[in-house]
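*Asks:* My structure file model.txt, compact mmCIF, C-alpha atoms and all ligand atoms, is below:
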```
# COMPACT_ATOMS: atom_id res chain seq x y z
CA MET A 15 32.41 -24.48 63.40
CA LYS A 16 29.82 -22.17 61.81
CA THR A 17 26.31 -23.57 62.12
CA PHE A 18 23.54 -23.06 59.58
CA GLU A 19 21.10 -20.30 60.39
CA LYS A 20 18.19 -22.53 59.54
CA PRO A 21 18.20 -26.33 59.58
CA ILE A 22 18.46 -28.01 56.16
CA TYR A 23 16.16 -31.00 55.95
CA VAL A 24 17.42 -33.56 53.46
CA THR A 25 13.97 -34.96 52.86
CA LYS A 26 12.07 -31.66 52.69
CA PRO A 27 10.75 -31.42 49.13
CA PHE A 28 11.09 -28.31 47.00
CA LEU A 29 7.65 -27.18 45.87
CA PRO A 30 6.64 -24.79 43.11
CA PRO A 31 4.74 -21.61 44.03
CA PHE A 32 1.23 -22.66 45.05
CA GLU A 33 -0.40 -20.44 42.36
CA LYS A 34 1.64 -22.18 39.68
CA PHE A 35 0.54 -25.55 40.96
CA CYS A 36 -3.08 -24.36 40.88
CA ASP A 37 -2.68 -23.36 37.21
CA GLY A 38 -1.80 -27.01 36.55
CA LEU A 39 -4.81 -28.19 38.51
CA LYS A 40 -7.04 -25.85 36.50
CA GLU A 41 -5.93 -27.52 33.30
CA ILE A 42 -7.05 -30.86 34.75
CA TRP A 43 -10.36 -29.44 35.98
CA ASP A 44 -11.10 -27.82 32.62
CA SER A 45 -10.36 -31.01 30.71
CA HIS A 46 -12.35 -33.33 33.05
CA TRP A 47 -9.72 -35.94 32.16
CA LEU A 48 -8.55 -37.30 35.52
CA THR A 49 -6.96 -40.62 34.61
CA ASN A 50 -6.40 -43.08 31.74
CA ASN A 51 -3.51 -41.48 29.85
CA GLY A 52 -4.76 -37.89 29.86
CA PRO A 53 -2.98 -34.99 28.13
CA ILE A 54 -0.84 -34.08 31.15
CA VAL A 55 0.47 -37.62 31.53
CA GLN A 56 1.17 -37.73 27.78
CA ARG A 57 3.07 -34.45 27.99
CA PHE A 58 5.01 -35.65 31.04
CA CYS A 59 5.95 -38.88 29.25
CA LYS A 60 7.15 -36.95 26.22
CA GLN A 61 9.31 -34.70 28.40
CA LEU A 62 10.77 -37.71 30.21
CA ARG A 63 11.47 -39.46 26.90
CA ASN A 64 13.45 -36.41 25.76
CA TYR A 65 15.24 -36.03 29.08
CA PHE A 66 16.27 -39.70 29.27
CA GLU A 67 16.86 -40.04 25.51
CA THR A 68 14.60 -43.05 25.25
CA ASP A 69 11.51 -44.12 23.33
CA ASN A 70 10.30 -46.50 26.01
CA ILE A 71 9.03 -45.21 29.30
CA CYS A 72 6.15 -46.47 31.37
CA LEU A 73 4.77 -44.54 34.34
CA PHE A 74 3.65 -46.09 37.65
CA ASN A 75 2.07 -44.83 40.84
CA ASN A 76 5.35 -45.41 42.70
CA GLY A 77 8.83 -46.84 42.30
CA THR A 78 8.09 -49.95 44.34
CA LEU A 79 5.34 -51.04 41.97
CA ALA A 80 7.55 -50.21 38.98
CA LEU A 81 10.25 -52.51 40.39
CA GLN A 82 7.72 -55.23 41.13
CA ILE A 83 6.14 -55.13 37.66
CA GLY A 84 9.53 -54.77 35.96
CA LEU A 85 10.79 -57.99 37.58
CA GLN A 86 7.53 -59.77 36.81
CA GLY A 87 7.43 -58.53 33.22
CA MET A 88 10.91 -59.89 32.58
CA GLY A 89 10.01 -63.25 34.08
CA ILE A 90 12.73 -63.00 36.74
CA SER A 91 12.66 -65.93 39.18
CA GLY A 92 14.91 -68.00 41.47
CA GLU A 93 17.72 -65.86 42.89
CA VAL A 94 18.66 -62.25 42.22
CA ILE A 95 21.94 -60.70 43.32
CA THR A 96 21.36 -57.35 44.99
CA THR A 97 22.67 -54.97 47.62
CA PRO A 98 21.84 -54.74 51.32
CA PHE A 99 22.50 -50.97 51.20
CA THR A 100 19.18 -49.78 49.80
CA PHE A 101 15.67 -48.82 50.79
CA VAL A 102 13.67 -51.89 51.72
CA ALA A 103 11.40 -51.51 48.66
CA THR A 104 14.13 -53.01 46.45
CA ILE A 105 13.89 -56.21 48.47
CA HIS A 106 10.10 -56.06 48.84
CA ALA A 107 9.80 -56.11 45.04
CA LEU A 108 11.81 -59.35 44.99
CA PHE A 109 9.84 -60.98 47.81
CA TRP A 110 6.50 -60.10 46.21
CA ASN A 111 7.72 -61.96 43.14
CA LYS A 112 8.84 -64.94 45.27
CA ILE A 113 12.45 -64.27 44.31
CA ARG A 114 15.27 -64.95 46.78
CA PRO A 115 17.54 -61.92 47.28
CA VAL A 116 21.23 -62.84 47.44
CA PHE A 117 23.08 -60.00 49.14
CA VAL A 118 26.51 -58.99 47.92
CA ASP A 119 28.51 -56.38 49.81
CA ILE A 120 28.97 -52.79 48.69
CA GLU A 121 32.23 -51.11 47.74
CA PRO A 122 33.56 -48.60 50.28
CA ASP A 123 33.74 -45.42 48.17
CA TYR A 124 30.22 -44.99 46.80
CA TYR A 125 28.29 -47.70 48.68
CA THR A 126 27.11 -49.35 45.46
CA LEU A 127 27.18 -53.11 44.74
CA ASP A 128 30.80 -54.29 44.59
CA PRO A 129 31.21 -55.90 41.14
CA GLU A 130 34.30 -57.79 42.32
CA LYS A 131 32.12 -59.79 44.72
CA VAL A 132 29.21 -60.46 42.36
CA GLU A 133 30.59 -63.44 40.42
CA ALA A 134 31.24 -65.50 43.57
CA ALA A 135 27.51 -65.21 44.44
CA ILE A 136 26.21 -66.54 41.09
CA THR A 137 24.55 -69.96 41.35
CA PRO A 138 22.59 -72.08 38.84
CA TRP A 139 19.43 -70.32 40.17
CA THR A 140 20.63 -66.78 39.56
CA THR A 141 18.56 -65.03 36.90
CA ALA A 142 19.39 -61.34 37.36
CA ILE A 143 21.44 -58.67 39.09
CA LEU A 144 19.58 -55.77 40.76
CA PRO A 145 22.07 -53.04 41.70
CA VAL A 146 21.10 -49.64 43.17
CA HIS A 147 22.62 -46.29 42.20
CA VAL A 148 23.04 -44.98 45.77
CA PHE A 149 22.50 -41.28 46.64
CA GLY A 150 23.05 -40.32 43.00
CA TYR A 151 26.32 -42.25 42.64
CA PRO A 152 26.16 -44.54 39.62
CA CYS A 153 27.12 -48.20 40.01
CA ASN A 154 30.10 -49.53 38.13
CA VAL A 155 27.90 -49.98 35.06
CA ASN A 156 30.55 -51.26 32.66
CA VAL A 157 31.86 -54.07 34.87
CA LEU A 158 28.32 -55.11 35.85
CA ALA A 159 27.27 -55.19 32.18
CA ASP A 160 30.22 -57.43 31.41
CA ILE A 161 29.37 -59.86 34.24
CA ALA A 162 25.69 -59.95 33.23
CA ARG A 163 26.60 -60.64 29.60
CA ARG A 164 29.10 -63.40 30.40
CA HIS A 165 26.66 -65.19 32.72
CA ASN A 166 23.56 -64.52 30.64
CA LEU A 167 21.85 -62.62 33.47
CA LYS A 168 19.37 -59.78 33.27
CA LEU A 169 20.52 -56.45 34.68
CA ILE A 170 17.85 -54.28 36.31
CA TYR A 171 18.86 -50.99 37.91
CA ASP A 172 17.07 -49.42 40.85
CA ALA A 173 17.68 -45.76 39.95
CA ALA A 174 15.28 -44.32 42.56
CA HIS A 175 18.03 -41.93 43.73
CA ALA A 176 19.50 -41.11 40.36
CA PHE A 177 17.09 -38.99 38.33
CA GLY A 178 19.57 -36.42 36.96
CA VAL A 179 22.65 -38.61 36.93
CA ARG A 180 24.79 -39.15 33.84
CA VAL A 181 27.70 -41.51 33.27
CA GLY A 182 30.00 -39.56 30.98
CA VAL A 183 27.65 -38.20 28.35
CA GLN A 184 25.08 -40.98 28.77
CA SER A 185 21.84 -40.78 30.72
CA ILE A 186 21.72 -43.12 33.73
CA ALA A 187 18.76 -44.87 32.11
CA ASN A 188 20.99 -46.10 29.28
CA PHE A 189 22.36 -49.03 31.22
CA GLY A 190 21.07 -52.52 31.88
CA ASP A 191 17.88 -54.11 30.58
CA LEU A 192 15.61 -51.91 32.69
CA THR A 193 16.01 -48.81 34.82
CA VAL A 194 13.46 -48.10 37.53
CA LEU A 195 12.88 -44.58 38.87
CA SER A 196 10.98 -43.24 41.87
CA PHE A 197 9.33 -39.81 41.91
CA HIS A 198 8.53 -40.02 45.63
CA ALA A 199 8.42 -36.78 47.62
CA THR A 200 11.89 -37.47 49.08
CA LYS A 201 13.56 -37.82 45.67
CA THR A 202 15.48 -35.25 43.62
CA PHE A 203 12.63 -35.05 41.14
CA SER A 204 9.20 -35.57 42.63
CA THR A 205 5.59 -35.91 41.55
CA PHE A 206 4.63 -36.41 45.26
CA GLU A 207 4.29 -40.14 44.46
CA GLY A 208 5.24 -41.83 41.22
CA GLY A 209 7.69 -44.02 39.42
CA ALA A 210 8.73 -45.24 36.00
CA ILE A 211 10.40 -48.01 34.07
CA ILE A 212 12.72 -47.12 31.22
CA CYS A 213 14.11 -49.61 28.75
CA HIS A 214 16.01 -48.90 25.60
CA ASP A 215 14.89 -51.98 23.75
CA ALA A 216 11.11 -52.14 23.31
CA GLN A 217 11.48 -55.92 22.91
CA THR A 218 13.09 -56.37 26.35
CA LYS A 219 11.69 -59.52 27.94
C1 LIG B 1 16.53 -47.22 46.50
C2 LIG B 1 15.04 -47.12 46.48
N1 LIG B 1 14.35 -48.03 45.77
C3 LIG B 1 13.01 -47.99 45.70
C4 LIG B 1 12.30 -47.00 46.33
C5 LIG B 1 10.81 -47.04 46.26
O1 LIG B 1 10.26 -45.95 45.63
P1 LIG B 1 8.78 -45.46 46.01
O2 LIG B 1 8.85 -44.83 47.36
O3 LIG B 1 8.44 -44.49 44.90
O4 LIG B 1 7.88 -46.66 46.00
C6 LIG B 1 12.99 -46.02 47.07
C7 LIG B 1 12.36 -44.86 47.76
O5 LIG B 1 11.42 -44.66 48.29
C8 LIG B 1 14.40 -46.08 47.16
O6 LIG B 1 15.09 -45.19 47.88
```
What would the structure in this file look like if it were written as structure tokens?
Ligand SMILES: Cc1ncc(COP(=O)(O)O)c(C=O)c1O
*Replies:*
Amino acid sequence: MKTFEKPIYVTKPFLPPFEKFCDGLKEIWDSHWLTNNGPIVQRFCKQLRNYFETDNICLFNNGTLALQIGLQGMGISGEVITTPFTFVATIHALFWNKIRPVFVDIEPDYYTLDPEKVEAAITPWTTAILPVHVFGYPCNVNVLADIARRHNLKLIYDAAHAFGVRVGVQSIANFGDLTVLSFHATKTFSTFEGGAIICHDAQTK
């Protein structure tokens, strides 16, 4: 077997040329606008809105906080059906909201939540389903949407691994009530640290 000449690190981030990065810093220095919705954040939001074909995007300092606030903002409580095959932050966000995670197994091909096993885990306390698009593979979004609709459950996607993913022609952020992204250094698209919530309906509660 031919080996690679240099090791390929899966979590080594791609960085822009340092000079280019410094040009960006200069813009911040010149403006003296360091926080509170400055021009760079506004421009970034606009670009993300175009990319994800949405009007509603809210930026956070990381994906974990975005998940936590997303669950809280939607008033999710009781039990939430989720996957054991995820980064622990998915479950932390539930615990910090005093929500009980109910683990449902993954399907063998793409390691995403197995929709065929979801219905058996629904109880009178279930309020939402929190699936994860794993390693850029989208969940079975159509079947999960159908289950959520029939049982009147909220559907919140952890899309930390799925920045550039599309399902057919649709952006990954088009599915469910909320989609949560991470821009952590290990992700396909990174801002070093960062995260976002996207929802298509501004009235989502
Ligand atoms: C599936 C999943 N959910 C949530 C997170 C949390 O994102 P962050 O590190 O930006 O808080 C990560 C990654 O770190 C993740 O892989």
*Asks:* Leaving out A:Ile170 and any residue of its chain fewer than 5 positions from it, which residues lie within 6 Å of it when counting all atoms listed in the file, given as number ranges by chain?
*Replies:* A: 144, 190-193
*Asks:* Draw an axis-aligned box tight on the listed atoms of stretch 42-49 of chain A, then pad every side by 8 Å and write out centre and edge lengths in Å to one decimal as AutoDock Vina command-line options.
*Replies:*
```
--center_x -9.7 --center_y -34.2 --center_z 33.3 --size_x 21.4 --size_y 28.8 --size_z 21.3
```
*Asks:* Per residue of stretch 118-211 of chain A within 7 Å of stretch 62-72 of chain A, what are the shortest atom pair and its distance in Å to one decimal, counting all atoms listed in the file, with rows by chain and residue number, as a tab-separated table?
*Replies:*
```
residue	atom	partner	partner_atom	distance
A:Ser185	CA	A:Phe66	CA	5.9
A:Ala187	CA	A:Phe66	CA	6.4
A:Ala210	CA	A:Cys72	CA	5.4
A:Ile211	CA	A:Cys72	CA	5.3
```
*Asks:* Emit the selected residues as a PDB file, in the coordinates of the input, including C-alpha atoms.
*Replies:*
```pdb
ATOM      1  CA  SER A 185      21.840 -40.780  30.720  1.00  0.00           C
ATOM      2  CA  ALA A 187      18.760 -44.870  32.110  1.00  0.00           C
ATOM      3  CA  ALA A 210       8.730 -45.240  36.000  1.00  0.00           C
ATOM      4  CA  ILE A 211      10.400 -48.010  34.070  1.00  0.00           C
TER       5      ILE A 211
END
```
*Asks:* Taking all atoms listed in the file into account, name the residue in A:Phe177, A:Tyr124, A:Phe117, A:Phe99 that is nearest to ligand LIG 1 (chain B).
*Replies:* A:Phe99
*Asks:* So which one's closest to ligand LIG 1 (chain B), A:Phe58, A:Trp47, A:Tyr171, A:Phe109? Using only C-alpha atoms and all ligand atoms, please.
*Replies:* A:Tyr171
*Asks:* Compare A:Arg114, A:Glu207, A:Val94, A:Thr126 by their minimum atom-to-atom distance to A:Ala162, counting only C-alpha atoms, and give me the closest one.
*Replies:* A:Val94
*Asks:* Quick one: distance from atom C2 of ligand LIG 1 (chain B) to atom CA of A:Ala135 in Å, one decimal?
*Replies:* 22.1 Å
*Asks:* Kindly work out which residues sit at most 7 Å from ligand LIG 1 (chain B), using all atoms listed in the file, and give the list as a PyMOL selection string.
*Replies:* chain A and resi 76-79+100-101+103-104+146+148+172-175+196-198+207-209
*Asks:* Which of these residues is nearest to A:Ala134, using only C-alpha atoms: A:His46, A:His147, A:His165, A:Lys16?
*Replies:*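 That would be A:His165, the residue with the smallest distance to A:Ala134.
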*Asks:* Using all atoms listed in the file, can you tell me which of A:Asn50, A:Ile83, A:Leu158, A:Trp110 comes closest to A:Thr96?
*Replies:* A:Leu158
*Asks:* Mind listing as a list in words all residues within 12 Å of (27.9, -62.5, 33.1), counting all atoms listed in the file?
*Replies:* Ile95, Pro129, Val132, Glu133, Ala134, Ala135, Ile136, Thr137, Thr140, Thr141, Ala142, Ile143, Asn156, Val157, Leu158, Ala159, Asp160, Ile161, Ala162, Arg163, Arg164, His165, Asn166, Leu167, Lys168 and Leu169 of chain A
*Asks:* As an exercise, work out the distance from atom CA of A:Val181 to atom CA of A:Val118 in Å and give it to one decimal place.
*Replies:* 22.8 Å
*Asks:* Distance atom CA of A:Lys20-atom CA of A:Phe206, one decimal place?
*Replies:*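 So the two atoms, atom CA of A:Lys20 and atom CA of A:Phe206, lie 24.1 Å apart.
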